[in-house]
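Take a look at the structure set out below.
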Amino acid sequence: MAENLFDAFEPVSSKQWKQQIQYELKGADYNDTLVWESLEGIKVRPFYHEDETEIKFTLKERTKPFDIMQNIHVHDVAISNKRALDTLNRGAESIRFTIENENVNLVNLMQNLPLKNTTCFFYLPFLSIDFVNKINDFAANNNAKFCIQLDPIGQLTKDGNWFENGEKDFEKLITISSKSAVPFITIQSGLYQNAGANMVQQLAFTLAHVNEYFNRIKNSNQPIMIEVSVGTNYFFEIAKLRALRLLFNTLAAEYNHTFDCHIIATPTKRNKTLYDYNVNMLRTTTECMSAVLGGADNIANLTYDSLYHKDNEFGDRIARNQLLILKHESYFDKVSNPADGAYYIETLTEQLAEKALLLFKEIEEKGGFITQLIEGKIQKKISESAAKEQELFDTGKEVLLGTNKYPNKNDKMKHDLELFPFVKKNPRKTLIVPIIEKRLAEKMEQERLSQEQ
């Protein structure tokens with residue numbers, strides 16, 4: 001047996017560490033100086049020790065490393081097919097097609113793709129039983145690995161209206177559930193993060209969102225996909241994804257649902273900036289790292305220029321290469337559950353899960369997620385959280401380099417905008433107040449754009 005070299009050192013207790021820290025502080029208060037509180041109300045200590053850590057949960061071992069996902073918005077079928085083939089040759093491992101209408105020729109879109117070795121996701125911003133049947137039939141006839149992403153509740157949250165109406169949308173989902181061999185339920189929870197919800201709210205709203213489907217679609221024992229946005233608070237984001245899996249499995253067990261959730265992670269838009277846009281690459285790199293270490297199954301990176309450029313090969317290649325470096329050069333795919341045993345992350349996971357569970361129970365006691373949306377309670381909670389974070393940014397306490405700290409005054413962007421990078425206003429009648437994504441830097445960037453010559 002190999003000798004444990006650490007046996008030569010006397011163990012140091014938590015009490016001894018605190019005594020030494022207090023001595024070094026020279027009379028300053030330990031809690032006031034070194035303990036800080038997050039937006040979620042979690043007090044973060046300067047160190048975490050075995051003496052004070054009791055791990056009360058275990059997460060399942062991952063059976064396979066994360067997949068690098070490529071997003072493709074289908075406008076032209078031939079071009080989308082060619083792009084899918086190209087990105088797979090360049091390192092992508094799964095493809096997500098966003099299909100806007102059911103007139104897309106699925107056979108042409110799938111032509112020559114390695115369907116037995118590549119998972120294809122289909123994000124559908126419409127609800128059609130016929131088109132879902134086409135996908136199912138194609139998958140069965142070609143032994144293809146497909147996943148369909150449908151989320152009528154997500155449609156309600158972001159648009160303010162159902163696809164048709166609540167009753168008919170769920171009738172269609174139940175019909176799909178009775179026939180579909182392809183997983184089809186997705187929780188689009190990234191909206192909550194991008195709109196400014198704190199992590200406890202993100203977890204609680206996601207869990208309540210899932211619970212609505214469990215309650216309405218009986219006996220659908222298929223994997224449920226949860227799409228999350230990952231922010232820049234590195235260790236908290238790792239813990240958030242771990243807490244999400246823990247909470248999902250706890251809830252699923254109550255419905256005898258035996259599948260683990262399938263987590264698809266994408267970097268958040270909330271902290272991305274128009275000016276000094278190359279810093280976005282640094283942000284997305286750490287966010288993808290958090291996603292990997294937190295246990296995401298698929299990661300679709302955000303391009304550094306996604307705010308102002310249309311889809312382009314260069315931006316896609318850089319975003320994909322970031323993930324390729326993490327996987328094949330930094331070996332982030334080699335360890336199952338790498339955060340296990342890290343006292344800080346384990347403690348954060350437990351605290352986030354406990355706080356989120358309390359908020360989830362509160363939502364359920366007051367009628368459930370859809371009821372709370374209709375009453376505007378969910379929107380109010382997100383708005384209040386977003387306002388707190390916005391104030392931190394506006395006062396310089398939350399820093400975005402190149403924007404509210406060390407801005408390059410010579411940086412000009414007015415003539416490079418191919419896309420409108422701010423909240424779009426579309427006044428219309430809706431069933432509920434929609435939840436709107438908004439970046440922290442929008443107001444500051446609009447002011448700078450108006451002053452460009």
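By convention here, the chains of the structure tokens are called A, B, ... in the order presented, each chain's residues are numbered starting at 1, and ligands are numbered starting at 1 in the order presented.
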What lies within 8 Å of Lys134 in chain A using only C-alpha atoms, ignoring chain neighbours under 4 positions off, as a ChimeraX atom specification?
/A:106,130,138
Once DSSP has gone over the backbone, tell me which residues of range 91-173 of chain A are in strand (DSSP E), as an mmCIF file with N, CA, C and O atoms, in the first residue's frame.
data_model
loop_
_atom_site.group_PDB
_atom_site.id
_atom_site.type_symbol
_atom_site.label_atom_id
_atom_site.label_comp_id
_atom_site.auth_asym_id
_atom_site.auth_seq_id
_atom_site.Cartn_x
_atom_site.Cartn_y
_atom_site.Cartn_z
ATOM 1 N N SER A 94 -23.210 16.926 -30.474
ATOM 2 C CA SER A 94 -24.667 16.870 -30.608
ATOM 3 C C SER A 94 -25.116 18.158 -31.285
ATOM 4 O O SER A 94 -24.438 19.179 -31.218
ATOM 5 N N ILE A 95 -26.262 18.088 -31.944
ATOM 6 C CA ILE A 95 -26.783 19.220 -32.697
ATOM 7 C C ILE A 95 -28.169 19.564 -32.180
ATOM 8 O O ILE A 95 -28.984 18.670 -31.919
ATOM 9 N N ARG A 96 -28.420 20.869 -32.027
ATOM 10 C CA ARG A 96 -29.781 21.293 -31.709
ATOM 11 C C ARG A 96 -30.304 22.170 -32.839
ATOM 12 O O ARG A 96 -29.777 23.246 -33.104
ATOM 13 N N PHE A 97 -31.348 21.690 -33.500
ATOM 14 C CA PHE A 97 -31.992 22.439 -34.570
ATOM 15 C C PHE A 97 -33.179 23.209 -33.993
ATOM 16 O O PHE A 97 -34.056 22.622 -33.355
ATOM 17 N N THR A 98 -33.204 24.503 -34.223
ATOM 18 C CA THR A 98 -34.397 25.295 -33.917
ATOM 19 C C THR A 98 -35.214 25.392 -35.198
ATOM 20 O O THR A 98 -34.745 25.936 -36.201
ATOM 21 N N ILE A 99 -36.415 24.837 -35.162
ATOM 22 C CA ILE A 99 -37.276 24.767 -36.344
ATOM 23 C C ILE A 99 -38.502 25.632 -36.095
ATOM 24 O O ILE A 99 -39.264 25.384 -35.147
ATOM 25 N N THR A 119 -26.616 12.657 -31.084
ATOM 26 C CA THR A 119 -27.951 13.014 -30.614
ATOM 27 C C THR A 119 -28.372 14.332 -31.250
ATOM 28 O O THR A 119 -27.630 15.320 -31.197
ATOM 29 N N CYS A 120 -29.544 14.335 -31.852
ATOM 30 C CA CYS A 120 -30.098 15.555 -32.443
ATOM 31 C C CYS A 120 -31.273 16.027 -31.598
ATOM 32 O O CYS A 120 -32.185 15.248 -31.303
ATOM 33 N N PHE A 121 -31.221 17.289 -31.221
ATOM 34 C CA PHE A 121 -32.310 17.905 -30.472
ATOM 35 C C PHE A 121 -33.101 18.799 -31.426
ATOM 36 O O PHE A 121 -32.523 19.455 -32.301
ATOM 37 N N PHE A 122 -34.409 18.850 -31.221
ATOM 38 C CA PHE A 122 -35.269 19.692 -32.047
ATOM 39 C C PHE A 122 -36.032 20.635 -31.116
ATOM 40 O O PHE A 122 -36.946 20.205 -30.400
ATOM 41 N N TYR A 123 -35.626 21.900 -31.120
ATOM 42 C CA TYR A 123 -36.359 22.892 -30.328
ATOM 43 C C TYR A 123 -37.482 23.442 -31.188
ATOM 44 O O TYR A 123 -37.236 24.018 -32.263
ATOM 45 N N LYS A 145 -30.988 8.851 -32.626
ATOM 46 C CA LYS A 145 -31.112 9.344 -31.251
ATOM 47 C C LYS A 145 -31.621 10.788 -31.300
ATOM 48 O O LYS A 145 -30.853 11.722 -31.574
ATOM 49 N N PHE A 146 -32.912 10.963 -31.062
ATOM 50 C CA PHE A 146 -33.552 12.271 -31.140
ATOM 51 C C PHE A 146 -34.105 12.680 -29.781
ATOM 52 O O PHE A 146 -34.486 11.843 -28.970
ATOM 53 N N CYS A 147 -34.158 13.991 -29.552
ATOM 54 C CA CYS A 147 -34.871 14.577 -28.417
ATOM 55 C C CYS A 147 -35.649 15.781 -28.935
ATOM 56 O O CYS A 147 -35.118 16.576 -29.717
ATOM 57 N N ILE A 148 -36.903 15.893 -28.532
ATOM 58 C CA ILE A 148 -37.737 17.024 -28.927
ATOM 59 C C ILE A 148 -37.874 17.950 -27.725
ATOM 60 O O ILE A 148 -38.074 17.488 -26.595
ATOM 61 N N GLN A 149 -37.766 19.248 -27.956
ATOM 62 C CA GLN A 149 -37.878 20.214 -26.863
ATOM 63 C C GLN A 149 -39.173 20.998 -26.992
ATOM 64 O O GLN A 149 -39.292 21.910 -27.811
#
Fewer than 6 positions away in the same chain doesn't count, so skip those; otherwise give me all residues within 10 Å of Ser229 in chain A, counting only C-alpha atoms, as a PyMOL selection string.
chain A and resi 188-194+202+237+241+264-270+287+291
What would the file look like if the residues just selected were written as a tab-separated table (two decimals), in the first residue's frame with C-alpha atoms?
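Result file follows (selection.tsv):
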chain	number	residue	atom	x	y	z
A	188	GLN	CA	-36.73	26.31	-20.35
A	189	SER	CA	-35.47	27.64	-17.02
A	190	GLY	CA	-32.65	29.78	-18.44
A	191	LEU	CA	-35.21	32.56	-18.81
A	192	TYR	CA	-35.33	33.01	-15.03
A	193	GLN	CA	-31.59	33.61	-14.76
A	194	ASN	CA	-31.48	35.91	-17.79
A	202	GLN	CA	-34.12	29.81	-10.36
A	237	GLU	CA	-23.06	27.98	-10.28
A	241	LEU	CA	-26.50	22.60	-11.04
A	264	ILE	CA	-28.49	21.38	-21.02
A	265	ALA	CA	-26.38	24.38	-20.01
A	266	THR	CA	-25.71	27.65	-21.82
A	267	PRO	CA	-23.80	30.71	-20.55
A	268	THR	CA	-26.05	33.52	-19.38
A	269	LYS	CA	-26.77	36.56	-21.51
A	270	ARG	CA	-27.28	38.78	-18.48
A	287	GLU	CA	-19.37	29.67	-17.11
A	291	ALA	CA	-21.42	23.82	-16.16
May I have all residues of range 73-267 of chain A that DSSP, computed from the backbone, assigns to alpha helix (DSSP H), given as a PyMOL selection string?
chain A and resi 77-89+106-109+129-142+152-159+166-179+190-195+199-216+234-254
Find the residues near Phe66 in chain A: any atom within 10 Å, counting only C-alpha atoms, skip ones fewer than 2 places away on the same chain, and give them as a short mmCIF file (atom, residue, chain, number, x, y, z; two decimals) with C-alpha atoms, in the first residue's frame.
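What follows is the written file out.cif:
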data_model
loop_
_atom_site.label_atom_id
_atom_site.label_comp_id
_atom_site.auth_asym_id
_atom_site.auth_seq_id
_atom_site.Cartn_x
_atom_site.Cartn_y
_atom_site.Cartn_z
CA ARG A 62 -22.15 10.27 -14.19
CA THR A 63 -22.09 7.53 -16.80
CA LYS A 64 -20.63 9.64 -19.62
CA ILE A 68 -20.48 19.70 -26.93
CA MET A 69 -23.72 20.96 -28.45
CA GLU A 93 -20.96 16.05 -30.55
CA ILE A 263 -29.29 19.16 -18.05
CA ILE A 264 -28.49 21.38 -21.02
CA ALA A 291 -21.42 23.82 -16.16
CA VAL A 292 -19.00 20.91 -16.61
CA LEU A 293 -18.08 20.69 -12.94
CA GLY A 295 -22.64 17.99 -14.03
CA ALA A 296 -24.32 19.34 -17.19
CA ASP A 297 -25.00 16.67 -19.84
CA ASN A 298 -24.84 18.99 -22.86
CA ILE A 299 -23.23 22.41 -23.11
CA LEU A 323 -15.37 23.63 -25.12
CA LYS A 327 -12.66 18.66 -22.82
CA PHE A 332 -12.57 18.21 -17.80
CA ASP A 333 -14.25 15.05 -19.10
#
Please provide the set of residues having any atom within 12 Å of Val107 in chain A, restricted to only C-alpha atoms, with same-chain residues fewer than 6 positions apart removed, written as a PyMOL selection string.
chain A and resi 77-78+81+113+115+134-135+137-139+141-142
Might you pull out every residue within 12 Å of Phe393 in chain A, with only C-alpha atoms counted and same-chain residues fewer than 3 positions away left off, and present them as a list in words?
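My list of contacting residues is Arg270, Asn271, Ala386, Ala387, Lys388, Glu389, Gln390, Gly396, Lys397, Glu398, Val399, Leu400, Leu401, Thr403, Asn404, Lys405, Arg439, Leu440, Ala441, Glu442, Lys443 and Met444 of chain A.
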Residues from the last selection, N, CA and C atoms, saved as a PDB file, in the first residue's frame:
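The file below, again-v5.pdb, is the result:
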ATOM      1  N   ARG A 270     -27.074  37.622 -19.359  1.00  0.00           N
ATOM      2  CA  ARG A 270     -27.277  38.780 -18.477  1.00  0.00           C
ATOM      3  C   ARG A 270     -26.013  39.609 -18.262  1.00  0.00           C
ATOM      4  N   ASN A 271     -24.864  38.966 -18.217  1.00  0.00           N
ATOM      5  CA  ASN A 271     -23.622  39.714 -17.963  1.00  0.00           C
ATOM      6  C   ASN A 271     -22.805  39.956 -19.229  1.00  0.00           C
ATOM      7  N   ALA A 386     -33.942  41.221  -9.700  1.00  0.00           N
ATOM      8  CA  ALA A 386     -33.221  41.882 -10.792  1.00  0.00           C
ATOM      9  C   ALA A 386     -32.862  43.317 -10.415  1.00  0.00           C
ATOM     10  N   ALA A 387     -33.771  44.000  -9.708  1.00  0.00           N
ATOM     11  CA  ALA A 387     -33.521  45.387  -9.302  1.00  0.00           C
ATOM     12  C   ALA A 387     -32.343  45.477  -8.326  1.00  0.00           C
ATOM     13  N   LYS A 388     -32.239  44.500  -7.422  1.00  0.00           N
ATOM     14  CA  LYS A 388     -31.108  44.489  -6.482  1.00  0.00           C
ATOM     15  C   LYS A 388     -29.784  44.319  -7.224  1.00  0.00           C
ATOM     16  N   GLU A 389     -29.764  43.382  -8.182  1.00  0.00           N
ATOM     17  CA  GLU A 389     -28.532  43.147  -8.936  1.00  0.00           C
ATOM     18  C   GLU A 389     -28.198  44.341  -9.818  1.00  0.00           C
ATOM     19  N   GLN A 390     -29.229  44.964 -10.400  1.00  0.00           N
ATOM     20  CA  GLN A 390     -29.003  46.121 -11.256  1.00  0.00           C
ATOM     21  C   GLN A 390     -28.408  47.274 -10.466  1.00  0.00           C
ATOM     22  N   GLY A 396     -21.405  50.174  -9.243  1.00  0.00           N
ATOM     23  CA  GLY A 396     -20.048  49.672  -9.413  1.00  0.00           C
ATOM     24  C   GLY A 396     -19.652  48.567  -8.469  1.00  0.00           C
ATOM     25  N   LYS A 397     -20.612  48.059  -7.673  1.00  0.00           N
ATOM     26  CA  LYS A 397     -20.292  46.973  -6.750  1.00  0.00           C
ATOM     27  C   LYS A 397     -20.254  45.626  -7.472  1.00  0.00           C
ATOM     28  N   GLU A 398     -21.007  45.505  -8.551  1.00  0.00           N
ATOM     29  CA  GLU A 398     -20.885  44.350  -9.433  1.00  0.00           C
ATOM     30  C   GLU A 398     -20.201  44.835 -10.705  1.00  0.00           C
ATOM     31  N   VAL A 399     -19.073  44.238 -11.005  1.00  0.00           N
ATOM     32  CA  VAL A 399     -18.193  44.777 -12.054  1.00  0.00           C
ATOM     33  C   VAL A 399     -18.294  43.951 -13.333  1.00  0.00           C
ATOM     34  N   LEU A 400     -18.432  44.659 -14.447  1.00  0.00           N
ATOM     35  CA  LEU A 400     -18.244  44.064 -15.768  1.00  0.00           C
ATOM     36  C   LEU A 400     -17.108  44.834 -16.433  1.00  0.00           C
ATOM     37  N   LEU A 401     -15.958  44.184 -16.512  1.00  0.00           N
ATOM     38  CA  LEU A 401     -14.778  44.843 -17.059  1.00  0.00           C
ATOM     39  C   LEU A 401     -15.031  45.328 -18.482  1.00  0.00           C
ATOM     40  N   THR A 403     -16.913  47.739 -19.195  1.00  0.00           N
ATOM     41  CA  THR A 403     -18.220  48.405 -19.271  1.00  0.00           C
ATOM     42  C   THR A 403     -18.398  49.395 -18.135  1.00  0.00           C
ATOM     43  N   ASN A 404     -18.514  48.916 -16.894  1.00  0.00           N
ATOM     44  CA  ASN A 404     -18.622  49.873 -15.786  1.00  0.00           C
ATOM     45  C   ASN A 404     -17.310  49.994 -15.011  1.00  0.00           C
ATOM     46  N   LYS A 405     -16.270  49.332 -15.520  1.00  0.00           N
ATOM     47  CA  LYS A 405     -14.922  49.526 -14.969  1.00  0.00           C
ATOM     48  C   LYS A 405     -13.912  49.365 -16.092  1.00  0.00           C
ATOM     49  N   ARG A 439     -30.206  42.405 -20.017  1.00  0.00           N
ATOM     50  CA  ARG A 439     -28.802  42.434 -19.607  1.00  0.00           C
ATOM     51  C   ARG A 439     -28.535  43.600 -18.659  1.00  0.00           C
ATOM     52  N   LEU A 440     -27.557  43.429 -17.790  1.00  0.00           N
ATOM     53  CA  LEU A 440     -27.225  44.469 -16.817  1.00  0.00           C
ATOM     54  C   LEU A 440     -26.721  45.746 -17.477  1.00  0.00           C
ATOM     55  N   ALA A 441     -26.004  45.606 -18.605  1.00  0.00           N
ATOM     56  CA  ALA A 441     -25.310  46.755 -19.191  1.00  0.00           C
ATOM     57  C   ALA A 441     -26.151  47.540 -20.199  1.00  0.00           C
ATOM     58  N   GLU A 442     -27.403  47.182 -20.391  1.00  0.00           N
ATOM     59  CA  GLU A 442     -28.177  47.765 -21.484  1.00  0.00           C
ATOM     60  C   GLU A 442     -28.285  49.289 -21.419  1.00  0.00           C
ATOM     61  N   LYS A 443     -28.654  49.824 -20.271  1.00  0.00           N
ATOM     62  CA  LYS A 443     -28.837  51.273 -20.151  1.00  0.00           C
ATOM     63  C   LYS A 443     -27.529  52.010 -20.418  1.00  0.00           C
ATOM     64  N   MET A 444     -26.438  51.521 -19.853  1.00  0.00           N
ATOM     65  CA  MET A 444     -25.134  52.152 -20.034  1.00  0.00           C
ATOM     66  C   MET A 444     -24.704  52.095 -21.497  1.00  0.00           C
TER      67      MET A 444
END
Considering only C-alpha atoms, state which residue in the set A:Phe184, A:His209, A:Glu61, A:Leu203 is at the smallest distance from Ile224 in chain A.
A:Phe184
Exercise: range 308-322 of chain A partners within 6 Å, only C-alpha atoms, chain neighbours under 6 positions left out, as a list in words
Asn301, Leu417, Glu418, Leu419 and Pro421 of chain A
Point-to-point distance from CA of Phe235 in chain A to CA of Gly402 in chain A, Å rounded to tenths
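If I compute the distance from CA of Phe235 in chain A to CA of Gly402 in chain A, I get 23.3 Å.
What separates CA of Met110 in chain A from CA of Pro152 in chain A is a distance of 25.8 Å.
Closest approach to Ile217 in chain A among A:Ile374, A:Ala181, A:Ile176, A:Ile382 is made by A:Ile176 (distances from only C-alpha atoms).
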Which residue out of A:Asn108, A:Asn161, A:Ser38, A:Asn215 has the minimum interatomic distance to Glu364 in chain A when only C-alpha atoms are used?
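Ranking A:Asn108, A:Asn161, A:Ser38, A:Asn215 by distance to Glu364 in chain A, first place goes to A:Asn215.
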Nearest to Ile436 in chain A among A:Lys366, A:Arg216, A:Lys409, A:Lys380, with distances taken over only C-alpha atoms: which residue is it?
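Of A:Lys366, A:Arg216, A:Lys409, A:Lys380, the one nearest Ile436 in chain A, counting only C-alpha atoms, is A:Lys380.
Distance check against Ile153 in chain A using only C-alpha atoms: of A:Ala253, A:Leu173, A:Val12, A:Met199, the minimum falls on A:Leu173.
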Which of these residues is nearest to Gly367 in chain A, using only C-alpha atoms: A:Val228, A:Ala208, A:Val423, A:Leu431?
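With only C-alpha atoms as the atom set, the closest residue is A:Ala208.
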Which distance in Å separates CA of Ala243 in chain A and CA of Lys158 in chain A, to one decimal?
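The value is 24.2 Å.
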